[in-house]
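Colleague: Got a structure for you, model-v4.csv, holding CSV, C-alpha atoms.
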```
chain,number,residue,atom,x,y,z
F,1,MET,CA,95.2,109.3,66.1
F,2,ILE,CA,96.3,110.5,69.5
F,3,PHE,CA,99.4,112.8,69.5
F,4,VAL,CA,101.4,112.9,72.7
F,5,ILE,CA,103.7,115.8,73.2
F,6,LEU,CA,106.5,115.9,75.8
F,7,GLY,CA,108.2,119.1,74.7
F,8,SER,CA,111.9,120.0,74.6
F,9,GLN,CA,113.0,120.7,78.2
F,10,LYS,CA,116.0,118.6,79.4
F,11,PHE,CA,113.8,116.7,81.9
F,12,GLN,CA,112.3,113.2,81.6
F,13,PHE,CA,108.6,112.7,81.7
F,14,ASN,CA,108.7,108.9,81.7
F,15,ARG,CA,105.6,108.8,84.0
F,16,LEU,CA,103.3,110.1,81.2
F,17,LEU,CA,104.9,107.6,78.7
F,18,LYS,CA,104.2,104.7,81.1
F,19,TYR,CA,100.6,105.9,81.5
F,20,ILE,CA,100.2,105.8,77.7
F,21,ASP,CA,101.7,102.3,77.4
F,22,GLU,CA,99.3,101.1,80.1
F,23,LEU,CA,96.3,102.8,78.6
F,24,ILE,CA,97.0,101.1,75.2
F,25,GLU,CA,97.6,97.7,76.9
F,26,ASN,CA,94.3,98.0,78.8
F,27,LYS,CA,92.6,99.0,75.6
F,28,ILE,CA,91.4,102.3,76.9
F,29,ILE,CA,93.3,103.7,73.9
F,30,THR,CA,92.5,101.7,70.8
F,31,GLU,CA,93.6,104.1,68.1
F,32,GLU,CA,97.1,104.9,66.7
F,33,VAL,CA,99.3,106.9,69.1
F,34,ILE,CA,102.3,109.0,68.0
F,35,VAL,CA,104.7,110.3,70.6
F,36,GLN,CA,107.1,113.2,70.7
F,37,SER,CA,109.2,112.0,73.6
F,38,GLY,CA,111.8,114.7,74.1
F,39,TYR,CA,114.4,113.9,76.7
F,40,SER,CA,112.5,111.0,78.2
F,41,ASP,CA,114.3,107.6,78.1
F,42,TYR,CA,111.4,105.2,78.8
F,43,LEU,CA,111.0,102.9,75.8
F,44,LEU,CA,107.4,102.7,74.7
F,45,LYS,CA,106.2,99.2,73.9
F,46,ASN,CA,102.9,100.2,72.2
F,47,ALA,CA,103.4,103.4,70.3
F,48,LYS,CA,105.7,105.0,67.7
F,49,SER,CA,107.9,107.7,69.2
F,50,PHE,CA,110.3,110.4,68.0
F,51,PRO,CA,112.5,112.4,70.4
F,52,PHE,CA,112.0,115.6,68.4
F,53,LEU,CA,110.1,116.8,65.3
F,54,GLU,CA,110.7,119.5,62.8
F,55,LYS,CA,108.2,122.3,63.2
F,56,ASN,CA,106.3,121.4,60.0
F,57,LYS,CA,106.0,117.8,60.9
F,58,PHE,CA,104.9,118.7,64.5
F,59,GLU,CA,102.1,121.0,63.2
F,60,GLU,CA,101.1,118.3,60.8
F,61,TYR,CA,100.7,115.7,63.5
F,62,ILE,CA,98.7,118.2,65.6
F,63,SER,CA,96.5,118.8,62.6
F,64,GLU,CA,95.9,115.0,61.9
F,65,SER,CA,95.2,114.1,65.5
F,66,ARG,CA,91.8,113.5,67.1
F,67,VAL,CA,93.1,114.2,70.6
F,68,ILE,CA,96.3,115.7,72.0
F,69,VAL,CA,97.8,114.6,75.2
F,70,THR,CA,100.5,117.1,76.1
F,71,HIS,CA,102.8,118.0,79.0
F,72,GLY,CA,101.9,121.3,80.5
F,73,GLY,CA,104.1,123.4,78.3
F,74,THR,CA,102.4,126.5,77.0
F,75,GLY,CA,103.9,126.2,73.5
F,76,SER,CA,102.5,122.7,73.1
F,77,ILE,CA,99.1,123.6,74.6
F,78,VAL,CA,98.7,126.8,72.7
F,79,SER,CA,99.8,125.3,69.4
F,80,SER,CA,97.2,122.6,69.8
F,81,ILE,CA,94.3,124.7,70.9
F,82,LYS,CA,95.0,127.2,68.2
F,83,GLN,CA,94.3,124.4,65.7
F,84,GLY,CA,91.0,123.8,67.4
F,85,LYS,CA,92.1,120.4,68.8
F,86,LYS,CA,90.8,118.6,71.9
F,87,VAL,CA,93.6,118.7,74.5
F,88,ILE,CA,94.5,116.9,77.7
F,89,ALA,CA,97.3,118.8,79.5
F,90,VAL,CA,99.4,116.8,82.0
F,91,PRO,CA,101.6,119.1,84.2
F,92,ARG,CA,105.1,118.0,85.0
F,93,LYS,CA,105.9,117.5,88.7
F,94,SER,CA,109.3,118.7,90.1
F,95,SER,CA,109.3,116.2,92.9
F,96,PHE,CA,109.5,113.4,90.2
F,97,GLY,CA,112.3,115.3,88.5
F,98,GLU,CA,110.1,116.3,85.7
F,99,HIS,CA,110.9,120.0,85.7
F,100,VAL,CA,112.6,122.8,87.7
F,101,ASP,CA,109.5,123.6,89.6
F,102,ASP,CA,105.7,123.0,89.5
F,103,HIS,CA,104.8,126.0,87.4
F,104,GLN,CA,103.1,123.9,84.8
F,105,PHE,CA,100.2,123.3,87.2
F,106,GLU,CA,99.3,127.0,87.0
F,107,ILE,CA,98.5,127.0,83.3
F,108,THR,CA,96.9,123.5,83.1
F,109,ASN,CA,94.7,124.4,86.1
F,110,LEU,CA,93.7,127.8,84.7
F,111,TYR,CA,93.1,126.6,81.1
F,112,ALA,CA,91.0,123.7,82.2
F,113,GLU,CA,89.0,126.1,84.4
F,114,LEU,CA,88.5,128.5,81.5
F,115,GLY,CA,87.4,125.7,79.3
F,116,TYR,CA,90.2,125.5,76.8
F,117,CYS,CA,91.3,122.0,77.6
F,118,LEU,CA,91.2,119.2,80.2
F,119,GLU,CA,93.8,118.7,82.9
F,120,ALA,CA,95.0,115.3,84.1
F,121,ILE,CA,97.4,114.9,86.9
F,122,ASP,CA,97.6,111.2,87.3
F,123,PHE,CA,96.7,107.9,85.7
F,124,THR,CA,93.1,107.9,86.9
F,125,SER,CA,92.4,111.5,85.8
F,126,LEU,CA,94.1,110.8,82.4
F,127,THR,CA,91.9,107.7,81.9
F,128,ASN,CA,88.7,109.7,82.8
F,129,ALA,CA,89.8,112.6,80.5
F,130,LEU,CA,90.3,110.2,77.6
F,131,ASN,CA,87.0,108.5,78.1
F,132,SER,CA,85.0,111.7,78.3
F,133,ILE,CA,86.8,114.0,75.8
F,134,SER,CA,84.8,113.0,72.6
F,135,LEU,CA,81.7,114.4,74.2
F,136,ARG,CA,83.4,117.7,75.4
F,137,GLU,CA,83.4,121.0,73.6
F,138,PHE,CA,86.0,123.5,74.3
F,139,LYS,CA,86.3,127.3,74.2
F,140,LYS,CA,88.0,128.7,71.1
F,141,PHE,CA,91.3,130.3,71.5
F,142,ASN,CA,91.4,134.0,70.5
F,143,SER,CA,94.8,135.5,69.7
F,144,ASN,CA,96.0,138.6,71.5
F,145,ASN,CA,99.2,138.8,69.5
F,146,LYS,CA,98.3,141.8,67.4
F,147,TYR,CA,97.4,143.9,70.4
F,148,PHE,CA,100.6,142.7,72.2
F,149,ILE,CA,102.8,143.7,69.2
F,150,ASP,CA,101.1,147.0,68.7
F,151,SER,CA,101.5,147.9,72.4
F,152,LEU,CA,105.1,146.7,72.3
F,153,LEU,CA,105.8,148.9,69.3
F,154,THR,CA,104.5,151.9,71.2
F,155,ILE,CA,106.9,151.1,74.0
F,156,LEU,CA,109.8,150.6,71.5
F,157,ILE,CA,109.3,153.8,69.6
F,158,ASP,CA,109.2,155.9,72.8
Z,1,MET,CA,118.5,153.4,59.6
Z,2,LYS,CA,116.5,150.7,61.4
Z,3,LYS,CA,117.4,150.2,65.0
Z,4,LYS,CA,118.6,146.7,65.9
Z,5,ILE,CA,116.9,144.4,68.3
Z,6,CYS,CA,118.3,141.3,70.0
Z,7,LEU,CA,115.6,138.8,70.6
Z,8,ILE,CA,116.8,136.4,73.3
Z,9,SER,CA,115.4,133.4,75.1
Z,10,SER,CA,116.0,129.9,76.2
Z,11,SER,CA,114.5,126.9,74.5
Z,12,GLY,CA,111.0,125.4,74.6
Z,13,GLY,CA,108.1,127.6,75.5
Z,14,HIS,CA,110.2,130.7,76.1
Z,15,TYR,CA,111.4,130.4,72.5
Z,16,GLU,CA,107.8,129.8,71.2
Z,17,GLU,CA,106.8,133.0,72.9
Z,18,LEU,CA,109.8,134.9,71.5
Z,19,MET,CA,108.9,133.8,68.0
Z,20,MET,CA,105.5,135.4,68.4
Z,21,LEU,CA,107.5,138.7,68.1
Z,22,LYS,CA,108.7,138.0,64.5
Z,23,LYS,CA,106.5,140.8,63.1
Z,24,LEU,CA,108.9,143.3,64.7
Z,25,GLU,CA,111.2,142.7,61.7
Z,26,ASN,CA,108.9,144.9,59.6
Z,27,GLN,CA,110.3,147.9,61.5
Z,28,PHE,CA,113.5,146.8,63.1
Z,29,GLU,CA,116.6,144.8,62.2
Z,30,ILE,CA,116.4,141.6,64.2
Z,31,TYR,CA,118.8,138.9,65.3
Z,32,THR,CA,117.9,136.0,67.6
Z,33,VAL,CA,119.9,134.3,70.4
Z,34,THR,CA,118.6,131.0,71.9
Z,35,GLU,CA,119.7,127.7,73.3
Z,36,LYS,CA,121.2,125.0,71.2
Z,37,THR,CA,119.1,121.9,71.4
Z,38,SER,CA,119.4,118.6,69.6
Z,39,TYR,CA,116.5,119.5,67.3
Z,40,VAL,CA,117.1,123.0,66.1
Z,41,SER,CA,117.9,123.7,62.5
Z,42,ASP,CA,120.3,126.6,61.8
Z,43,ASP,CA,117.9,129.5,61.3
Z,44,LYS,CA,119.2,132.6,59.7
Z,45,ASN,CA,120.4,135.4,62.0
Z,46,THR,CA,120.4,133.1,65.0
Z,47,TYR,CA,123.1,132.5,67.5
Z,48,TYR,CA,123.2,129.7,69.9
Z,49,LEU,CA,124.0,129.4,73.6
Z,50,VAL,CA,124.8,126.3,75.6
Z,51,GLN,CA,121.5,124.9,77.0
Z,52,VAL,CA,121.4,125.2,80.8
Z,53,ASN,CA,118.9,124.9,83.7
Z,54,ARG,CA,119.4,125.6,87.4
Z,55,ARG,CA,119.0,122.0,88.5
Z,56,GLU,CA,122.0,120.6,86.5
Z,57,LYS,CA,125.2,119.7,88.3
Z,58,LEU,CA,127.4,121.7,85.9
Z,59,PHE,CA,125.0,124.7,86.0
Z,60,LEU,CA,127.6,127.3,87.3
Z,61,PHE,CA,130.2,126.2,84.8
Z,62,LYS,CA,127.7,126.4,82.0
Z,63,MET,CA,126.7,129.8,83.0
Z,64,VAL,CA,130.3,131.0,82.7
Z,65,LEU,CA,130.3,129.5,79.2
Z,66,VAL,CA,127.0,131.2,78.4
Z,67,THR,CA,128.4,134.5,79.7
Z,68,TYR,CA,131.3,134.2,77.3
Z,69,GLN,CA,129.1,133.4,74.4
Z,70,SER,CA,126.7,136.2,75.2
Z,71,LEU,CA,129.5,138.8,75.3
Z,72,ARG,CA,130.9,137.6,72.0
Z,73,TYR,CA,127.5,137.8,70.3
Z,74,PHE,CA,126.7,141.2,71.8
Z,75,LEU,CA,130.0,142.7,70.7
Z,76,LYS,CA,129.6,141.3,67.2
Z,77,GLU,CA,126.0,142.6,66.7
Z,78,LYS,CA,125.9,145.7,68.9
Z,79,PRO,CA,122.1,145.8,69.4
Z,80,ASP,CA,120.2,148.9,70.4
Z,81,ILE,CA,117.4,147.0,72.2
Z,82,ILE,CA,117.3,143.7,73.9
Z,83,ILE,CA,114.0,141.9,74.3
Z,84,SER,CA,113.6,138.6,76.2
Z,85,THR,CA,111.0,136.1,77.2
Z,86,GLY,CA,113.4,134.4,79.7
Z,87,ALA,CA,114.8,132.2,81.2
Z,88,LEU,CA,118.1,131.6,82.9
Z,89,CYS,CA,120.5,131.8,79.9
Z,90,VAL,CA,119.4,135.4,79.1
Z,91,ILE,CA,120.7,136.9,82.4
Z,92,PRO,CA,124.3,137.5,81.2
Z,93,THR,CA,123.1,139.3,78.1
Z,94,PHE,CA,120.9,141.6,80.1
Z,95,PHE,CA,123.7,142.5,82.5
Z,96,ILE,CA,126.0,143.1,79.5
Z,97,GLY,CA,123.3,145.3,77.9
Z,98,LYS,CA,122.9,147.2,81.1
Z,99,ILE,CA,126.6,148.0,81.3
Z,100,PHE,CA,126.5,149.3,77.7
Z,101,ASN,CA,123.3,151.3,78.4
Z,102,LYS,CA,121.0,149.5,76.0
Z,103,LYS,CA,117.2,149.4,76.2
Z,104,LEU,CA,116.2,146.3,78.1
Z,105,ILE,CA,112.7,144.8,77.8
Z,106,PHE,CA,111.7,141.7,79.7
Z,107,ILE,CA,108.5,139.8,79.0
Z,108,GLU,CA,107.5,137.6,81.9
Z,109,SER,CA,106.4,134.1,80.9
Z,110,PHE,CA,102.9,133.2,79.8
Z,111,ALA,CA,103.2,130.0,81.8
Z,112,ASN,CA,103.5,131.8,85.1
Z,113,ILE,CA,100.1,133.1,86.1
Z,114,LYS,CA,100.4,133.6,89.8
Z,115,THR,CA,104.1,133.2,90.7
Z,116,PRO,CA,106.9,135.1,89.1
Z,117,THR,CA,109.8,133.3,87.4
Z,118,LEU,CA,113.2,133.4,89.0
Z,119,THR,CA,114.7,135.2,86.0
Z,120,GLY,CA,111.9,137.8,86.0
Z,121,LYS,CA,112.5,138.6,89.7
Z,122,LEU,CA,116.3,139.0,89.0
Z,123,LEU,CA,115.9,141.1,85.9
Z,124,TYR,CA,112.9,143.3,87.0
Z,125,LYS,CA,115.2,145.8,88.7
Z,126,ILE,CA,117.5,146.3,85.7
Z,127,SER,CA,114.9,146.2,82.9
Z,128,ASN,CA,113.8,149.5,81.3
Z,129,GLU,CA,110.4,148.0,80.5
Z,130,PHE,CA,108.9,144.9,82.2
Z,131,ILE,CA,105.9,143.3,80.6
Z,132,ILE,CA,103.5,140.8,82.3
Z,133,GLN,CA,101.0,138.7,80.5
Z,134,TRP,CA,98.8,138.0,83.6
Z,135,SER,CA,97.5,140.9,85.8
Z,136,GLU,CA,97.9,138.7,88.9
Z,137,LEU,CA,101.6,139.4,88.8
Z,138,LYS,CA,101.2,143.2,89.3
Z,139,GLU,CA,101.7,142.7,93.1
Z,140,TYR,CA,105.2,141.3,92.4
Z,141,TYR,CA,106.0,143.7,89.6
Z,142,PRO,CA,104.3,147.0,90.4
Z,143,LYS,CA,105.9,149.0,87.6
Z,144,ALA,CA,105.1,146.3,85.0
Z,145,ASN,CA,103.0,146.9,81.8
Z,146,HIS,CA,100.2,144.3,81.5
Z,147,LEU,CA,99.7,143.5,77.8
Z,148,GLY,CA,97.9,140.2,78.1
Z,149,SER,CA,98.9,137.0,76.2
Z,150,ILE,CA,101.7,137.1,73.6
Z,151,TYR,CA,100.0,134.3,71.7
```
Take the structure from the file and write it as structure tokens.

Modeller:
Amino acid sequence: MIFVILGSQKFQFNRLLKYIDELIENKIITEEVIVQSGYSDYLLKNAKSFPFLEKNKFEEYISESRVIVTHGGTGSIVSSIKQGKKVIAVPRKSSFGEHVDDHQFEITNLYAELGYCLEAIDFTSLTNALNSISLREFKKFNSNNKYFIDSLLTILID
Amino acid sequence: MKKKICLISSSGGHYEELMMLKKLENQFEIYTVTEKTSYVSDDKNTYYLVQVNRREKLFLFKMVLVTYQSLRYFLKEKPDIIISTGALCVIPTFFIGKIFNKKLIFIESFANIKTPTLTGKLLYKISNEFIIQWSELKEYYPKANHLGSIY
């Protein structure tokens, strides 16, 4: 199963949904696809979609998936790689009205470079990523949260 | 008596990052302020602000509303410390906190590796502590504390 995550920001990402429909029509994707579509209003022809999911259900879909295709939101990316999933991150582009600015490119670029996931910026790169991902291994995500909280506590207790 | 922290952020990734600070409730009294979205369930000790972003037509009007809501929640809870992971909707609370001389801690977003956020740039000067997750941002925030990833 492929789980597609569009996040919760009040911007559409219809472009990614259209890619997914096309990939299913062209049989590049042949398995089940579940989509969390957020504020996008494009109606998918070939996959089941929910605008939003409760946290537990969301984590469950991540867990059950073989591959995650996500917008470049850090919450979605990190939740997925924390569960050891294979992730393709697609950054939103502000010139298409997909977010306030292009900051998502920073994280998708860096995380792909560091080996945590693949980055796809258009239909062609998404197709290539989906075709190659089964053979790819990714770097494990190590949490820095304990160090962060301990350091923050030192600052707070000052 | 435990000191009280206001954890405040907008929705989405900013809220995900904020929730990574839940462990603070072992040592502090915590309440949360975040944006109302169509999918949130009513969590305990959580207050909601109108969801806003700088590209909306009604953005200024919404910010006035957010300011009113922020003041109400602040006066009701009277926090000692305010910690935020951004974005726009937290600005009124920070200024209100500044006026009342509370400790203000801003955590710059994990998503911004090379370029600062607009909210970060605005709140850097008034924050008592400014935390960055990526060292590349030291050039924009020389007095910041680099703690690495919140995740």

Colleague: Residues of chain Z were defined as contacting chain F if any atom lay at most 6 Å from it, counting all atoms listed in the file; please report them as a list in words.

Modeller: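 Filtering chain Z at 6 Å from chain F with all atoms listed in the file gives Gly12, Gly13, Glu16, Ala111, Leu147, Ser149, Ile150 and Tyr151 of chain Z.
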
Colleague: Applying 10 Å and only C-alpha atoms, which residues near Glu31 in chain F remain after dropping the ones on its own chain fewer than 5 positions away? List them as a list in words.

Modeller: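 Selected residues are Met1, Ile2, Ile24 and Arg66 of chain F.
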
Colleague: With C-alpha atoms retained, export the selected residues as an mmCIF file, in the coordinates of the input.

Modeller:
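Saved the output as result.cif:
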```cif
data_model
loop_
_atom_site.group_PDB
_atom_site.id
_atom_site.type_symbol
_atom_site.label_atom_id
_atom_site.label_comp_id
_atom_site.auth_asym_id
_atom_site.auth_seq_id
_atom_site.Cartn_x
_atom_site.Cartn_y
_atom_site.Cartn_z
ATOM 1 C CA MET F 1 95.200 109.300 66.100
ATOM 2 C CA ILE F 2 96.300 110.500 69.500
ATOM 3 C CA ILE F 24 97.000 101.100 75.200
ATOM 4 C CA ARG F 66 91.800 113.500 67.100
#
```

Colleague: Between F:Lys57, F:Lys140, F:Val69, F:Ile20, which has the minimum distance to Lys45 in chain F (counting only C-alpha atoms)?

Modeller: F:Ile20

Colleague: Can you work out the spacing between CA of Ser38 in chain Z and CA of Gln51 in chain Z in Å, to one decimal?

Modeller: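 So the answer is 9.9 Å.
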
Colleague: CA of Lys22 in chain Z and CA of Phe138 in chain F are how many Å apart?

Modeller: 28.7 Å

Colleague: Mind giving me the straight-line distance from CA of Lys138 in chain Z to CA of Gly86 in chain Z in Å, one decimal?

Modeller: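 Distance reported for this atom pair: 17.8 Å.
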
Colleague: When you count all atoms listed in the file, which of these residues is closest to Asp21 in chain F: F:Phe3, F:Phe50, F:Tyr42, F:Tyr116?

Modeller: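 Between F:Phe3, F:Phe50, F:Tyr42, F:Tyr116, the residue approaching Asp21 in chain F most closely is F:Tyr42.
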
Colleague: Excluding same-chain residues fewer than 2 positions from Asn145 in chain Z, what lies within 7 Å of it counting all atoms listed in the file, as a PyMOL selection string?

Modeller: chain Z and resi 130-132+143+147

Colleague: Measuring between only C-alpha atoms, which one of Z:Leu60, Z:Met20, Z:Leu71, Z:Ala87 shows the shortest distance to Asn112 in chain Z?

Modeller: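 For Asn112 in chain Z, the nearest of the given residues is Z:Ala87.
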
Colleague: Can you sort out the box for range 136-153 of chain F, edges along x, y and z, all listed atoms in, 4 Å on every side, with centre and edge lengths in Å to one decimal, as lines of an AutoDock Vina configuration file?

Modeller:
```
center_x = 94.6
center_y = 133.3
center_z = 71.4
size_x = 30.4
size_y = 39.2
size_z = 16.0
```

Colleague: Report as a PyMOL selection string all protein, DNA and RNA residues lying within 12 Å of Ile8 in chain Z, evaluated on only C-alpha atoms, omitting residues in the same chain fewer than 5 positions from it.

Modeller: chain Z and resi 14-19+21+30-35+45-49+70+73-74+79+81-94+97+104-107

Colleague: Atoms to include: C-alpha atoms. Write the selected residues as a tab-separated table (two decimals), in the coordinates of the input.

Modeller:
```
chain	number	residue	atom	x	y	z
Z	14	HIS	CA	110.20	130.70	76.10
Z	15	TYR	CA	111.40	130.40	72.50
Z	16	GLU	CA	107.80	129.80	71.20
Z	17	GLU	CA	106.80	133.00	72.90
Z	18	LEU	CA	109.80	134.90	71.50
Z	19	MET	CA	108.90	133.80	68.00
Z	21	LEU	CA	107.50	138.70	68.10
Z	30	ILE	CA	116.40	141.60	64.20
Z	31	TYR	CA	118.80	138.90	65.30
Z	32	THR	CA	117.90	136.00	67.60
Z	33	VAL	CA	119.90	134.30	70.40
Z	34	THR	CA	118.60	131.00	71.90
Z	35	GLU	CA	119.70	127.70	73.30
Z	45	ASN	CA	120.40	135.40	62.00
Z	46	THR	CA	120.40	133.10	65.00
Z	47	TYR	CA	123.10	132.50	67.50
Z	48	TYR	CA	123.20	129.70	69.90
Z	49	LEU	CA	124.00	129.40	73.60
Z	70	SER	CA	126.70	136.20	75.20
Z	73	TYR	CA	127.50	137.80	70.30
Z	74	PHE	CA	126.70	141.20	71.80
Z	79	PRO	CA	122.10	145.80	69.40
Z	81	ILE	CA	117.40	147.00	72.20
Z	82	ILE	CA	117.30	143.70	73.90
Z	83	ILE	CA	114.00	141.90	74.30
Z	84	SER	CA	113.60	138.60	76.20
Z	85	THR	CA	111.00	136.10	77.20
Z	86	GLY	CA	113.40	134.40	79.70
Z	87	ALA	CA	114.80	132.20	81.20
Z	88	LEU	CA	118.10	131.60	82.90
Z	89	CYS	CA	120.50	131.80	79.90
Z	90	VAL	CA	119.40	135.40	79.10
Z	91	ILE	CA	120.70	136.90	82.40
Z	92	PRO	CA	124.30	137.50	81.20
Z	93	THR	CA	123.10	139.30	78.10
Z	94	PHE	CA	120.90	141.60	80.10
Z	97	GLY	CA	123.30	145.30	77.90
Z	104	LEU	CA	116.20	146.30	78.10
Z	105	ILE	CA	112.70	144.80	77.80
Z	106	PHE	CA	111.70	141.70	79.70
Z	107	ILE	CA	108.50	139.80	79.00
```

Colleague: Please rebuild range 2-24 of chain Z with N, CA and C atoms and give the result as a JSON list (two decimals), in the coordinates of the input.

Modeller:
```
[["chain", "number", "residue", "atom", "x", "y", "z"],
["Z", 2, "LYS", "N", 117.38, 151.46, 60.41],
["Z", 2, "LYS", "CA", 116.50, 150.70, 61.40],
["Z", 2, "LYS", "C", 117.36, 150.46, 62.64],
["Z", 3, "LYS", "N", 116.68, 150.54, 63.79],
["Z", 3, "LYS", "CA", 117.40, 150.20, 65.00],
["Z", 3, "LYS", "C", 117.44, 148.63, 65.09],
["Z", 4, "LYS", "N", 118.42, 148.13, 65.85],
["Z", 4, "LYS", "CA", 118.60, 146.70, 65.90],
["Z", 4, "LYS", "C", 118.16, 146.11, 67.22],
["Z", 5, "ILE", "N", 117.36, 145.05, 67.11],
["Z", 5, "ILE", "CA", 116.90, 144.40, 68.30],
["Z", 5, "ILE", "C", 117.49, 142.99, 68.44],
["Z", 6, "CYS", "N", 117.92, 142.67, 69.65],
["Z", 6, "CYS", "CA", 118.30, 141.30, 70.00],
["Z", 6, "CYS", "C", 117.15, 140.63, 70.65],
["Z", 7, "LEU", "N", 116.62, 139.57, 70.02],
["Z", 7, "LEU", "CA", 115.60, 138.80, 70.60],
["Z", 7, "LEU", "C", 116.25, 137.58, 71.28],
["Z", 8, "ILE", "N", 116.10, 137.43, 72.59],
["Z", 8, "ILE", "CA", 116.80, 136.40, 73.30],
["Z", 8, "ILE", "C", 115.96, 135.56, 74.21],
["Z", 9, "SER", "N", 116.11, 134.23, 74.15],
["Z", 9, "SER", "CA", 115.40, 133.40, 75.10],
["Z", 9, "SER", "C", 116.02, 132.03, 75.17],
["Z", 10, "SER", "N", 115.60, 131.26, 76.17],
["Z", 10, "SER", "CA", 116.00, 129.90, 76.20],
["Z", 10, "SER", "C", 115.11, 129.05, 75.31],
["Z", 11, "SER", "N", 115.20, 127.72, 75.39],
["Z", 11, "SER", "CA", 114.50, 126.90, 74.50],
["Z", 11, "SER", "C", 113.06, 126.59, 74.94],
["Z", 12, "GLY", "N", 112.32, 125.82, 74.15],
["Z", 12, "GLY", "CA", 111.00, 125.40, 74.60],
["Z", 12, "GLY", "C", 109.99, 126.55, 74.50],
["Z", 13, "GLY", "N", 109.12, 126.61, 75.50],
["Z", 13, "GLY", "CA", 108.10, 127.60, 75.50],
["Z", 13, "GLY", "C", 108.55, 129.04, 75.45],
["Z", 14, "HIS", "N", 109.67, 129.30, 76.09],
["Z", 14, "HIS", "CA", 110.20, 130.70, 76.10],
["Z", 14, "HIS", "C", 110.55, 131.07, 74.64],
["Z", 15, "TYR", "N", 111.08, 130.11, 73.85],
["Z", 15, "TYR", "CA", 111.40, 130.40, 72.50],
["Z", 15, "TYR", "C", 110.14, 130.54, 71.62],
["Z", 16, "GLU", "N", 109.14, 129.69, 71.89],
["Z", 16, "GLU", "CA", 107.80, 129.80, 71.20],
["Z", 16, "GLU", "C", 107.28, 131.21, 71.38],
["Z", 17, "GLU", "N", 107.34, 131.69, 72.62],
["Z", 17, "GLU", "CA", 106.80, 133.00, 72.90],
["Z", 17, "GLU", "C", 107.65, 134.09, 72.17],
["Z", 18, "LEU", "N", 108.95, 133.92, 72.18],
["Z", 18, "LEU", "CA", 109.80, 134.90, 71.50],
["Z", 18, "LEU", "C", 109.50, 134.98, 70.01],
["Z", 19, "MET", "N", 109.24, 133.82, 69.40],
["Z", 19, "MET", "CA", 108.90, 133.80, 68.00],
["Z", 19, "MET", "C", 107.61, 134.47, 67.63],
["Z", 20, "MET", "N", 106.76, 134.69, 68.64],
["Z", 20, "MET", "CA", 105.50, 135.40, 68.40],
["Z", 20, "MET", "C", 105.82, 136.92, 68.15],
["Z", 21, "LEU", "N", 107.09, 137.31, 68.30],
["Z", 21, "LEU", "CA", 107.50, 138.70, 68.10],
["Z", 21, "LEU", "C", 108.09, 138.94, 66.72],
["Z", 22, "LYS", "N", 108.04, 137.94, 65.87],
["Z", 22, "LYS", "CA", 108.70, 138.00, 64.50],
["Z", 22, "LYS", "C", 108.23, 139.24, 63.75],
["Z", 23, "LYS", "N", 106.99, 139.65, 63.92],
["Z", 23, "LYS", "CA", 106.50, 140.80, 63.10],
["Z", 23, "LYS", "C", 107.28, 142.06, 63.33],
["Z", 24, "LEU", "N", 108.06, 142.12, 64.42],
["Z", 24, "LEU", "CA", 108.90, 143.30, 64.70],
["Z", 24, "LEU", "C", 109.89, 143.54, 63.56]]
```
